[in-house]
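target_33.pdb, holding PDB, C-alpha atoms:
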```
ATOM      1  CA  MET M  24      -4.701  12.965   1.130
ATOM      2  CA  ARG M  25      -2.269  14.099   3.793
ATOM      3  CA  GLU M  26       0.871  12.738   2.112
ATOM      4  CA  ILE M  27       2.020  12.352  -1.479
ATOM      5  CA  SER M  28       2.884   8.753  -0.642
ATOM      6  CA  LEU M  29      -0.802   8.070   0.038
ATOM      7  CA  HIS M  30      -1.749   9.420  -3.388
ATOM      8  CA  LEU M  31       0.927   7.158  -4.860
ATOM      9  CA  MET M  32      -0.494   4.135  -3.096
ATOM     10  CA  ASP M  33      -3.858   4.922  -4.606
ATOM     11  CA  ILE M  34      -2.490   5.335  -8.148
ATOM     12  CA  ILE M  35      -0.337   2.211  -7.900
ATOM     13  CA  ASP M  36      -3.416   0.261  -6.866
ATOM     14  CA  ASN M  37      -4.854   1.085 -10.315
ATOM     15  CA  SER M  38      -1.783  -0.558 -11.882
ATOM     16  CA  ILE M  39      -2.341  -3.677  -9.807
ATOM     17  CA  THR M  40      -5.994  -3.782 -10.869
ATOM     18  CA  ALA M  41      -4.787  -3.487 -14.483
ATOM     19  CA  ASN M  42      -2.803  -6.730 -13.972
ATOM     20  CA  ALA M  43       0.604  -5.073 -14.153
ATOM     21  CA  THR M  44       3.560  -7.314 -13.350
ATOM     22  CA  LEU M  45       6.125  -4.514 -13.231
ATOM     23  CA  ILE M  46       5.531  -1.119 -11.657
ATOM     24  CA  GLU M  47       8.139   1.624 -11.807
ATOM     25  CA  LEU M  48       8.122   4.684  -9.576
ATOM     26  CA  TYR M  49      10.378   7.669 -10.215
ATOM     27  CA  ILE M  50      10.538  10.600  -7.842
ATOM     28  CA  LYS M  51      12.761  13.404  -9.015
ATOM     29  CA  ILE M  52      13.398  16.475  -6.897
ATOM     30  CA  ASP M  53      15.327  19.405  -8.288
ATOM     31  CA  THR M  54      15.580  22.151  -5.702
ATOM     32  CA  ASN M  55      17.250  24.592  -8.134
ATOM     33  CA  LYS M  56      14.306  24.379 -10.506
ATOM     34  CA  ASN M  57      11.935  24.155  -7.518
ATOM     35  CA  LYS M  58      10.341  21.073  -9.053
ATOM     36  CA  ILE M  59       9.238  17.652  -7.975
ATOM     37  CA  VAL M  60       8.294  15.250 -10.763
ATOM     38  CA  ILE M  61       6.735  11.872 -10.035
ATOM     39  CA  THR M  62       6.299   9.182 -12.672
ATOM     40  CA  ILE M  63       4.425   5.920 -12.188
ATOM     41  CA  LYS M  64       4.814   3.492 -15.059
ATOM     42  CA  ASP M  65       3.241   0.071 -15.401
ATOM     43  CA  ASN M  66       2.926  -2.725 -17.941
ATOM     44  CA  GLY M  67      -0.747  -3.344 -17.234
ATOM     45  CA  LYS M  68      -3.529  -3.695 -19.748
ATOM     46  CA  GLY M  69      -3.665   0.050 -20.569
ATOM     47  CA  ILE M  70      -6.553   2.465 -21.045
ATOM     48  CA  ASP M  71      -8.335   2.943 -24.368
ATOM     49  CA  LYS M  72      -8.349   6.353 -26.073
ATOM     50  CA  GLU M  73     -11.979   7.141 -25.366
ATOM     51  CA  MET M  74     -11.583   6.534 -21.622
ATOM     52  CA  LEU M  75      -8.250   8.351 -21.520
ATOM     53  CA  LYS M  76      -9.817  11.656 -22.635
ATOM     54  CA  ASN M  77     -11.651  12.127 -19.359
ATOM     55  CA  ILE M  78      -9.569   9.907 -17.136
ATOM     56  CA  THR M  79      -9.183  12.445 -14.313
ATOM     57  CA  ASP M  80     -12.918  13.150 -14.238
ATOM     58  CA  PRO M  81     -14.190  11.758 -10.920
ATOM     59  CA  PHE M  82     -17.223  10.344 -12.721
ATOM     60  CA  VAL M  83     -15.089   8.264 -15.070
ATOM     61  CA  THR M  84     -14.075   4.889 -13.692
ATOM     62  CA  SER M  85     -13.679   1.324 -14.918
ATOM     63  CA  ARG M  86     -15.066  -0.100 -11.733
ATOM     64  CA  THR M  87     -18.484  -1.655 -11.990
ATOM     65  CA  THR M  88     -19.613  -1.453  -8.378
ATOM     66  CA  ARG M  89     -20.301   2.273  -8.573
ATOM     67  CA  LYS M  90     -19.817   5.230 -10.886
ATOM     68  CA  VAL M  91     -17.234   7.285  -8.999
ATOM     69  CA  GLY M  92     -13.457   6.998  -9.096
ATOM     70  CA  LEU M  93     -11.507   9.560  -7.131
ATOM     71  CA  GLY M  94      -7.875   8.435  -7.167
ATOM     72  CA  LEU M  95      -6.516  10.299 -10.195
ATOM     73  CA  SER M  96      -8.735  13.365  -9.778
ATOM     74  CA  LEU M  97      -7.678  13.838  -6.148
ATOM     75  CA  PHE M  98      -4.021  13.612  -7.067
ATOM     76  CA  GLN M  99      -4.503  15.966 -10.016
ATOM     77  CA  SER M 100      -6.116  18.613  -7.849
ATOM     78  CA  THR M 101      -3.221  18.349  -5.390
ATOM     79  CA  CYS M 102      -0.774  18.931  -8.271
ATOM     80  CA  GLN M 103      -2.752  21.853  -9.645
ATOM     81  CA  ARG M 104      -2.911  23.441  -6.222
ATOM     82  CA  CYS M 105       0.905  23.425  -6.281
ATOM     83  CA  ASN M 106       1.166  25.038  -9.751
ATOM     84  CA  GLY M 107       1.702  21.710 -11.457
ATOM     85  CA  ASP M 108      -0.442  19.140 -13.204
ATOM     86  CA  LEU M 109      -1.043  15.444 -13.684
ATOM     87  CA  LYS M 110      -1.072  13.668 -17.033
ATOM     88  CA  VAL M 111      -1.905  10.140 -18.039
ATOM     89  CA  ASP M 112      -0.506   8.434 -21.138
ATOM     90  CA  SER M 113      -1.547   4.947 -22.008
ATOM     91  CA  GLU M 114      -1.596   2.378 -24.745
ATOM     92  CA  VAL M 115      -3.821  -0.676 -24.677
ATOM     93  CA  GLY M 116      -1.744  -3.821 -24.224
ATOM     94  CA  VAL M 117       1.433  -1.870 -23.419
ATOM     95  CA  GLY M 118       0.838  -0.020 -20.179
ATOM     96  CA  THR M 119       0.161   3.307 -18.527
ATOM     97  CA  VAL M 120       2.331   6.220 -17.437
ATOM     98  CA  VAL M 121       1.100   8.758 -14.905
ATOM     99  CA  THR M 122       3.228  11.888 -14.605
ATOM    100  CA  ALA M 123       2.669  14.391 -11.823
ATOM    101  CA  ASP M 124       4.608  17.561 -11.219
ATOM    102  CA  MET M 125       4.480  20.117  -8.447
ATOM    103  CA  GLU M 126       6.438  23.055  -7.160
ATOM    104  CA  PHE M 127       8.814  21.746  -4.534
ATOM    105  CA  GLU M 128       8.629  24.817  -2.330
ATOM    106  CA  ASN M 129       4.925  25.432  -2.206
ATOM    107  CA  ILE M 130       2.831  25.992   0.885
ATOM    108  CA  ASP M 131       0.149  23.645  -0.470
ATOM    109  CA  ARG M 132       2.450  20.774  -1.320
ATOM    110  CA  PRO M 133       1.844  17.803   0.978
ATOM    111  CA  PRO M 134       4.978  16.172   2.406
ATOM    112  CA  LEU M 135       6.273  13.144   0.506
ATOM    113  CA  GLY M 136       5.422  11.031   3.531
ATOM    114  CA  LYS M 137       6.237   7.413   4.118
ATOM    115  CA  ILE M 138       7.165   6.208   0.635
ATOM    116  CA  GLU M 139       8.631   3.056   2.178
ATOM    117  CA  GLU M 140       5.270   2.080   3.660
ATOM    118  CA  THR M 141       3.574   2.620   0.321
ATOM    119  CA  ILE M 142       6.076   0.324  -1.388
ATOM    120  CA  VAL M 143       5.768  -2.357   1.282
ATOM    121  CA  SER M 144       1.990  -2.380   1.009
ATOM    122  CA  VAL M 145       2.249  -2.766  -2.772
ATOM    123  CA  LEU M 146       4.545  -5.763  -2.270
ATOM    124  CA  LEU M 147       1.759  -7.630  -0.502
ATOM    125  CA  THR M 148       0.341  -8.293  -3.953
ATOM    126  CA  PRO M 149       1.738 -11.610  -5.172
ATOM    127  CA  SER M 150       4.064 -11.699  -8.197
ATOM    128  CA  ILE M 151       4.457  -7.942  -8.610
ATOM    129  CA  ASP M 152       7.858  -6.501  -9.380
ATOM    130  CA  PHE M 153       8.634  -2.986  -8.271
ATOM    131  CA  TYR M 154      11.363  -0.624  -9.327
ATOM    132  CA  TYR M 155      11.910   2.637  -7.470
ATOM    133  CA  LYS M 156      14.310   5.424  -8.273
ATOM    134  CA  HIS M 157      14.553   8.487  -6.087
ATOM    135  CA  THR M 158      16.596  11.417  -7.326
ATOM    136  CA  PHE M 159      17.397  14.351  -5.067
ATOM    137  CA  ASN M 160      19.360  16.933  -7.052
ATOM    138  CA  GLU M 161      22.480  15.000  -8.132
ATOM    139  CA  LYS M 162      22.015  12.092  -5.689
ATOM    140  CA  GLU M 163      20.190   8.860  -6.461
ATOM    141  CA  PHE M 164      18.731   5.856  -4.692
ATOM    142  CA  GLU M 165      17.463   2.748  -6.460
ATOM    143  CA  PHE M 166      15.465  -0.198  -5.213
ATOM    144  CA  ASP M 167      14.465  -3.195  -7.301
ATOM    145  CA  THR M 168      12.468  -6.183  -6.079
ATOM    146  CA  ARG M 169      13.962  -8.311  -8.863
ATOM    147  CA  GLU M 170      17.331  -7.907  -7.163
ATOM    148  CA  VAL M 171      15.817  -8.685  -3.762
ATOM    149  CA  LYS M 172      14.157 -11.824  -5.137
ATOM    150  CA  ARG M 173      17.399 -12.932  -6.739
ATOM    151  CA  ILE M 174      19.326 -12.648  -3.462
ATOM    152  CA  LEU M 175      16.561 -14.248  -1.407
ATOM    153  CA  GLU M 176      16.088 -16.966  -4.031
ATOM    154  CA  THR M 177      12.331 -16.707  -3.731
ATOM    155  CA  ASP M 178       9.480 -15.115  -5.665
ATOM    156  CA  ASP M 179       7.453 -14.631  -2.529
ATOM    157  CA  LEU M 180       8.276 -11.457  -0.609
ATOM    158  CA  ASN M 181       5.119 -11.566   1.490
ATOM    159  CA  SER M 182       6.714 -12.398   4.801
ATOM    160  CA  PRO M 183       6.694  -9.813   7.590
ATOM    161  CA  GLU M 184      10.420 -10.252   8.238
ATOM    162  CA  ILE M 185      11.325  -9.459   4.624
ATOM    163  CA  LEU M 186       8.808  -6.617   4.281
ATOM    164  CA  ILE M 187       9.855  -4.906   7.515
ATOM    165  CA  TRP M 188      13.471  -5.160   6.381
ATOM    166  CA  ILE M 189      12.598  -3.607   3.004
ATOM    167  CA  ARG M 190      10.726  -0.800   4.754
ATOM    168  CA  ASP M 191      13.677   0.040   6.996
ATOM    169  CA  TYR M 192      16.153  -0.308   4.132
ATOM    170  CA  ILE M 193      14.293   2.196   1.956
ATOM    171  CA  LYS M 194      13.632   4.531   4.877
ATOM    172  CA  GLU M 195      17.266   4.681   5.983
ATOM    173  CA  ASN M 196      18.575   5.167   2.465
ATOM    174  CA  LEU M 197      16.071   7.931   1.741
ATOM    175  CA  MET M 198      16.976   9.707   4.970
ATOM    176  CA  GLU M 199      20.632   9.535   3.987
ATOM    177  CA  LEU M 200      19.863  10.810   0.483
ATOM    178  CA  MET M 201      17.742  13.720   1.634
ATOM    179  CA  GLY M 202      20.254  14.704   4.313
ATOM    180  CA  GLY M 203      18.094  13.565   7.197
ATOM    181  CA  ALA M 204      15.287  15.960   6.348
ATOM    182  CA  SER M 205      11.730  14.766   6.040
ATOM    183  CA  LEU M 206      10.448  16.405   2.847
TER     184      LEU M 206
ATOM    185  CA  MET E  10      22.714   1.807   7.583
ATOM    186  CA  LYS E  11      21.106  -1.225   6.018
ATOM    187  CA  SER E  12      22.773  -2.706   2.955
ATOM    188  CA  ILE E  13      21.302  -5.020   0.365
ATOM    189  CA  GLN E  14      23.699  -7.781   1.450
ATOM    190  CA  GLU E  15      21.779  -8.239   4.681
ATOM    191  CA  LEU E  16      19.150  -9.993   2.597
ATOM    192  CA  GLU E  17      21.483 -12.991   2.468
ATOM    193  CA  GLU E  18      21.072 -13.458   6.211
ATOM    194  CA  ILE E  19      17.319 -13.152   5.996
ATOM    195  CA  ARG E  20      17.355 -15.750   3.253
ATOM    196  CA  LYS E  21      19.249 -18.222   5.393
ATOM    197  CA  ARG E  22      16.919 -17.614   8.320
ATOM    198  CA  THR E  23      13.607 -17.724   6.510
ATOM    199  CA  LEU E  24      14.157 -20.130   3.644
ATOM    200  CA  ASP E  25      12.805 -23.139   5.548
ATOM    201  CA  ARG E  26       9.794 -21.268   6.725
ATOM    202  CA  VAL E  27       8.943 -19.837   3.321
ATOM    203  CA  ASN E  28       9.232 -23.263   1.723
ATOM    204  CA  GLN E  29       7.036 -24.915   4.285
ATOM    205  CA  ARG E  30       4.367 -22.331   3.926
ATOM    206  CA  THR E  31       2.968 -23.220   0.506
ATOM    207  CA  ASP E  32       0.594 -26.002   1.507
ATOM    208  CA  ARG E  33      -0.130 -25.051   5.071
ATOM    209  CA  THR E  34      -3.532 -23.812   6.123
ATOM    210  CA  THR E  35      -2.825 -20.279   7.226
ATOM    211  CA  THR E  36      -4.782 -17.508   8.852
ATOM    212  CA  ARG E  37      -5.369 -14.608   6.483
ATOM    213  CA  ILE E  38      -5.528 -10.999   7.634
ATOM    214  CA  VAL E  39      -6.881  -8.727   4.900
ATOM    215  CA  VAL E  40      -6.818  -4.915   4.981
ATOM    216  CA  GLY E  41      -9.009  -2.822   2.660
ATOM    217  CA  MET E  42      -6.744  -0.446   0.739
ATOM    218  CA  ALA E  43      -8.744   1.483  -1.829
ATOM    219  CA  THR E  44      -9.020   5.301  -1.880
ATOM    220  CA  CYS E  45     -11.482   5.157   1.014
ATOM    221  CA  GLY E  46      -9.321   2.889   3.167
ATOM    222  CA  ILE E  47      -6.116   4.803   2.496
ATOM    223  CA  ALA E  48      -7.747   8.143   3.317
ATOM    224  CA  ALA E  49      -9.203   6.723   6.541
ATOM    225  CA  GLY E  50      -5.781   5.501   7.702
ATOM    226  CA  ALA E  51      -5.450   1.903   6.507
ATOM    227  CA  ARG E  52      -1.711   2.040   5.952
ATOM    228  CA  PRO E  53      -0.669   2.462   9.605
ATOM    229  CA  VAL E  54      -3.111  -0.352  10.428
ATOM    230  CA  LEU E  55      -1.506  -2.629   7.846
ATOM    231  CA  LEU E  56       2.000  -1.804   9.051
ATOM    232  CA  ALA E  57       1.029  -2.358  12.698
ATOM    233  CA  ILE E  58      -0.342  -5.805  11.827
ATOM    234  CA  MET E  59       2.791  -6.639   9.889
ATOM    235  CA  GLU E  60       5.070  -5.533  12.731
ATOM    236  CA  GLU E  61       3.075  -7.465  15.312
ATOM    237  CA  VAL E  62       3.103 -10.636  13.187
ATOM    238  CA  GLU E  63       6.860 -10.271  12.823
ATOM    239  CA  LYS E  64       7.399  -9.508  16.512
ATOM    240  CA  LEU E  65       5.422 -12.549  17.599
ATOM    241  CA  GLY E  66       7.143 -14.686  14.967
ATOM    242  CA  LEU E  67       3.869 -15.980  13.520
ATOM    243  CA  SER E  68       4.790 -18.053  10.486
ATOM    244  CA  ASP E  69       1.327 -19.383   9.673
ATOM    245  CA  VAL E  70      -0.263 -15.983   9.078
ATOM    246  CA  THR E  71      -0.623 -14.241   5.721
ATOM    247  CA  VAL E  72      -1.132 -10.483   5.619
ATOM    248  CA  ALA E  73      -2.828  -9.271   2.452
ATOM    249  CA  GLN E  74      -4.484  -6.181   1.067
ATOM    250  CA  THR E  75      -7.589  -5.834  -1.019
ATOM    251  CA  GLY E  76      -9.543  -3.106  -2.781
ATOM    252  CA  CYS E  77     -12.719  -1.424  -1.634
ATOM    253  CA  ILE E  78     -14.754  -3.756   0.568
ATOM    254  CA  GLY E  79     -17.833  -1.627  -0.105
ATOM    255  CA  LEU E  80     -18.417  -0.036   3.259
ATOM    256  CA  CYS E  81     -16.342   3.108   2.988
ATOM    257  CA  LYS E  82     -17.752   4.872   6.038
ATOM    258  CA  MET E  83     -16.531   2.033   8.254
ATOM    259  CA  GLU E  84     -12.943   2.096   6.985
ATOM    260  CA  PRO E  85     -10.258   1.132   7.899
ATOM    261  CA  ILE E  86     -11.630  -2.405   7.669
ATOM    262  CA  VAL E  87      -9.700  -5.541   8.594
ATOM    263  CA  GLU E  88     -10.909  -9.073   7.881
ATOM    264  CA  VAL E  89      -9.558 -12.067   9.750
ATOM    265  CA  ILE E  90     -10.072 -15.514   8.255
ATOM    266  CA  ARG E  91      -8.857 -18.409  10.406
ATOM    267  CA  PRO E  92      -8.814 -21.826   8.758
ATOM    268  CA  GLY E  93     -12.147 -23.590   9.218
ATOM    269  CA  GLU E  94     -13.812 -20.557  10.815
ATOM    270  CA  LYS E  95     -16.133 -17.862   9.533
ATOM    271  CA  LYS E  96     -14.655 -14.574   8.374
ATOM    272  CA  VAL E  97     -14.684 -11.816  11.003
ATOM    273  CA  THR E  98     -14.930  -8.183   9.844
ATOM    274  CA  TYR E  99     -13.456  -5.490  12.065
ATOM    275  CA  VAL E 100     -14.337  -1.865  11.347
ATOM    276  CA  LYS E 101     -12.978   1.621  12.175
ATOM    277  CA  MET E 102      -9.576   0.190  12.908
ATOM    278  CA  ASP E 103      -6.461   1.930  14.141
ATOM    279  CA  ALA E 104      -2.951   0.664  14.846
ATOM    280  CA  ASP E 105      -3.621  -0.133  18.528
ATOM    281  CA  LYS E 106      -6.868  -1.964  17.841
ATOM    282  CA  ALA E 107      -5.128  -3.910  15.079
ATOM    283  CA  ARG E 108      -2.362  -5.045  17.440
ATOM    284  CA  ARG E 109      -4.991  -6.239  19.888
ATOM    285  CA  ILE E 110      -6.695  -8.268  17.167
ATOM    286  CA  VAL E 111      -3.436  -9.976  16.238
ATOM    287  CA  ASN E 112      -2.832 -10.910  19.873
ATOM    288  CA  GLU E 113      -6.330 -11.860  20.965
ATOM    289  CA  HIS E 114      -7.949 -13.208  17.821
ATOM    290  CA  VAL E 115      -5.182 -14.420  15.520
ATOM    291  CA  VAL E 116      -3.042 -15.871  18.301
ATOM    292  CA  GLY E 117      -5.599 -16.470  21.057
ATOM    293  CA  GLY E 118      -8.541 -17.455  18.873
ATOM    294  CA  LYS E 119     -10.946 -15.132  20.669
ATOM    295  CA  VAL E 120     -12.897 -12.650  18.538
ATOM    296  CA  VAL E 121     -12.610  -9.038  19.798
ATOM    297  CA  ASP E 122     -16.359  -8.373  19.777
ATOM    298  CA  GLU E 123     -16.336  -4.644  20.384
ATOM    299  CA  TYR E 124     -14.482  -3.865  17.143
ATOM    300  CA  THR E 125     -16.617  -6.034  14.882
ATOM    301  CA  LEU E 126     -19.311  -4.903  12.496
ATOM    302  CA  HIS E 127     -22.751  -5.001  14.080
ATOM    303  CA  ILE E 128     -26.179  -4.897  12.540
ATOM    304  CA  VAL E 129     -28.547  -3.065  14.846
ATOM    305  CA  GLN E 130     -32.162  -2.565  13.752
ATOM    306  CA  GLY E 131     -31.200  -3.145  10.133
ATOM    307  CA  LYS E 132     -28.368  -0.624  10.187
ATOM    308  CA  MET E 133     -24.685  -1.439   9.965
ATOM    309  CA  LEU E 134     -22.919   0.008  12.987
ATOM    310  CA  ASN E 135     -19.755  -0.432  14.942
ATOM    311  CA  ASP E 136     -21.375   0.377  18.266
ATOM    312  CA  TYR E 137     -21.028  -2.615  20.518
ATOM    313  CA  LYS E 138     -22.859  -0.930  23.395
ATOM    314  CA  VAL E 139     -26.053  -0.272  21.432
ATOM    315  CA  GLU E 140     -26.469  -3.963  20.728
ATOM    316  CA  LYS E 141     -25.878  -4.976  24.331
ATOM    317  CA  GLU E 142     -28.523  -2.674  25.759
TER     318      GLU E 142
END
```
As structure tokens, the full file:
Amino acid sequence: MREISLHLMDIIDNSITANATLIELYIKIDTNKNKIVITIKDNGKGIDKEMLKNITDPFVTSRTTRKVGLGLSLFQSTCQRCNGDLKVDSEVGVGTVVTADMEFENIDRPPLGKIEETIVSVLLTPSIDFYYKHTFNEKEFEFDTREVKRILETDDLNSPEILIWIRDYIKENLMELMGGASL
Amino acid sequence: MKSIQELEEIRKRTLDRVNQRTDRTTTRIVVGMATCGIAAGARPVLLAIMEEVEKLGLSDVTVAQTGCIGLCKMEPIVEVIRPGEKKVTYVKMDADKARRIVNEHVVGGKVVDEYTLHIVQGKMLNDYKVEKE
């Protein structure tokens, strides 16, 4: 994938398939430690221990239409290329946590890309709540659909006007946070 | 810069529309967004559709995403389902083609033939010209 945000979209789609109602995304960049750590946490149905052992194997998948699942293995190889790794923790009935880390300054690290577009496309799924926290050194940005729904007094965010606003809101705040740089 | 308070204004503007929408028969535009679709460029297609729907102020259109449609080599795939009509599958989409579909098919009701999936001699293709010859 050309952007980290595209990998994220792919991983988050697994959470949606697992019937998650709350998805949390944490992106933490520490330039002093030269690290970027990404955590995706959901409250979906979880993965059993047997499956979890080989979860990043491309030939392990829960889908029934065919025997290949590439999402996690693609993202893992991206992480490993950047001297990091990807780990999956899960408990049946509780949820799943995917943690990915990479060197921040690494020639092979894809750009973060359009995180805001990833989030907006996730919000097309009805009744999903999304929490996003972006940390860049000591600065933070938070976005929570539960707050948005409270202000809008609706549970339905799937209207182009709302989604385009959310996209621009996240984009502008991230630009501000990262000092205008596209990282 | 945008602040979260602006949502109040959107609420006032869209509340009526959102409420009305529940039992209306709406056109659905569905974009395939599995690993295959994402890698082929489905996200810019989805965003282009969303922007066009917003720009044209279409309130009776629902934009949705789905998983793998099962035809990965033809991704990005967009399906348009107008109420009372058969589903139309568009293949190898990009942002410009998607905007055209919103204008000509969703608004105008005319299927954009050259972007649809074609079956030519038992093979699934997107080549409109082959079929015409």
How close does chain E get to chain M? List, as CSV, each residue of chain E within 8 Å, its nearest atom pair and the distance in Å to one decimal, counting all atoms listed in the file.
```
residue,atom,partner,partner_atom,distance
E:Met10,CA,M:Glu195,CA,6.4
E:Lys11,CA,M:Tyr192,CA,5.4
E:Ser12,CA,M:Tyr192,CA,7.1
E:Ile13,CA,M:Val171,CA,7.8
E:Leu16,CA,M:Leu175,CA,6.4
E:Glu17,CA,M:Ile174,CA,6.3
E:Ile19,CA,M:Ile185,CA,7.2
E:Arg20,CA,M:Leu175,CA,5.0
E:Val27,CA,M:Ser182,CA,7.9
E:Ala43,CA,M:Asp33,CA,6.6
E:Thr44,CA,M:Asp33,CA,5.8
E:Ile47,CA,M:Leu29,CA,6.7
E:Ala48,CA,M:Met24,CA,6.1
E:Arg52,CA,M:Glu140,CA,7.3
E:Leu55,CA,M:Ser144,CA,7.7
E:Leu56,CA,M:Glu140,CA,7.4
E:Met59,CA,M:Pro183,CA,5.5
E:Glu60,CA,M:Pro183,CA,6.9
E:Val62,CA,M:Pro183,CA,6.7
E:Glu63,CA,M:Pro183,CA,5.3
E:Thr71,CA,M:Asn181,CA,7.6
E:Val72,CA,M:Leu147,CA,7.3
E:Ala73,CA,M:Leu147,CA,5.7
E:Gln74,CA,M:Leu147,CA,6.6
```
- request: Identify all residues satisfying the PyMOL selection byres ((chain E and resi 96-112) around 7) in the given file; provide them as an MDAnalysis selection string.
  value: chainID E and resid 53:54 57:58 61 83:90 94:95 113:117 121 124:126 135
- prompt: Which polymer residues have any atom within 9 Å of an atom of range 115-128 of chain M, counting only C-alpha atoms, with same-chain residues fewer than 5 positions away left out, as a VMD selection string?
  reply: chain M and resid 34 38 41 43 52 to 54 56 to 72 98 to 99 101 to 110
- prompt: So what do you get for CA of Thr79 in chain M versus CA of Ile39 in chain M, distance-wise?
  reply: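 Separation between CA of Thr79 in chain M and CA of Ile39 in chain M: 18.1 Å.
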- request: State, in Å with one decimal place, the distance from CA of Ile142 in chain M to CA of Gly203 in chain M.
  value: 19.8 Å
task: Report the distance between CA of Glu139 in chain M and CA of Gly50 in chain E in Å, rounded to one decimal place.
output: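 It comes out at 15.6 Å.
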message: Which residues would end up in the selection if the PyMOL selection byres ((chain E and resi 75) around 6) were applied here, given that I need the answer as a PyMOL selection string?
response: chain E and resi 41-42+74+76
- prompt: From the set M:Lys156, M:Leu31, M:Glu114, M:Ile151, which residue has the shortest atom-to-atom contact distance to Thr168 in chain M, counting all atoms listed in the file?
  reply: M:Ile151
- prompt: With all atoms listed in the file as the basis for distance, which of M:Met198, M:Leu95, M:Glu73, M:Arg86 is at the shortest distance from Glu163 in chain M?
  reply: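 Residue with the minimum atom-to-atom distance to Glu163 in chain M: M:Met198.
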Can you put N, CA and C atoms back into range 70-82 of chain E and show it as a short mmCIF file (atom, residue, chain, number, x, y, z; two decimals), in the frame of the given file?
```
data_model
loop_
_atom_site.label_atom_id
_atom_site.label_comp_id
_atom_site.auth_asym_id
_atom_site.auth_seq_id
_atom_site.Cartn_x
_atom_site.Cartn_y
_atom_site.Cartn_z
N VAL E 70 0.68 -17.07 9.29
CA VAL E 70 -0.26 -15.98 9.08
C VAL E 70 0.11 -15.25 7.79
N THR E 71 -0.87 -15.01 6.93
CA THR E 71 -0.62 -14.24 5.72
C THR E 71 -1.31 -12.89 5.85
N VAL E 72 -0.55 -11.82 5.62
CA VAL E 72 -1.13 -10.48 5.62
C VAL E 72 -1.34 -10.08 4.16
N ALA E 73 -2.54 -9.63 3.84
CA ALA E 73 -2.83 -9.27 2.45
C ALA E 73 -3.61 -7.97 2.40
N GLN E 74 -3.65 -7.37 1.22
CA GLN E 74 -4.48 -6.18 1.07
C GLN E 74 -5.50 -6.43 -0.03
N THR E 75 -6.58 -5.70 0.02
CA THR E 75 -7.59 -5.83 -1.02
C THR E 75 -8.10 -4.45 -1.39
N GLY E 76 -9.00 -4.39 -2.35
CA GLY E 76 -9.54 -3.11 -2.78
C GLY E 76 -10.66 -2.66 -1.86
N CYS E 77 -11.62 -1.96 -2.43
CA CYS E 77 -12.72 -1.42 -1.63
C CYS E 77 -13.64 -2.56 -1.22
N ILE E 78 -13.91 -2.68 0.07
CA ILE E 78 -14.75 -3.76 0.57
C ILE E 78 -16.23 -3.37 0.40
N GLY E 79 -16.48 -2.07 0.20
CA GLY E 79 -17.83 -1.63 -0.10
C GLY E 79 -18.54 -0.98 1.06
N LEU E 80 -17.80 -0.63 2.09
CA LEU E 80 -18.42 -0.04 3.26
C LEU E 80 -17.51 1.11 3.72
N CYS E 81 -17.39 2.09 2.83
CA CYS E 81 -16.34 3.11 2.99
C CYS E 81 -16.43 3.88 4.31
N LYS E 82 -17.64 4.08 4.81
CA LYS E 82 -17.75 4.87 6.04
C LYS E 82 -17.23 4.13 7.27
#
```
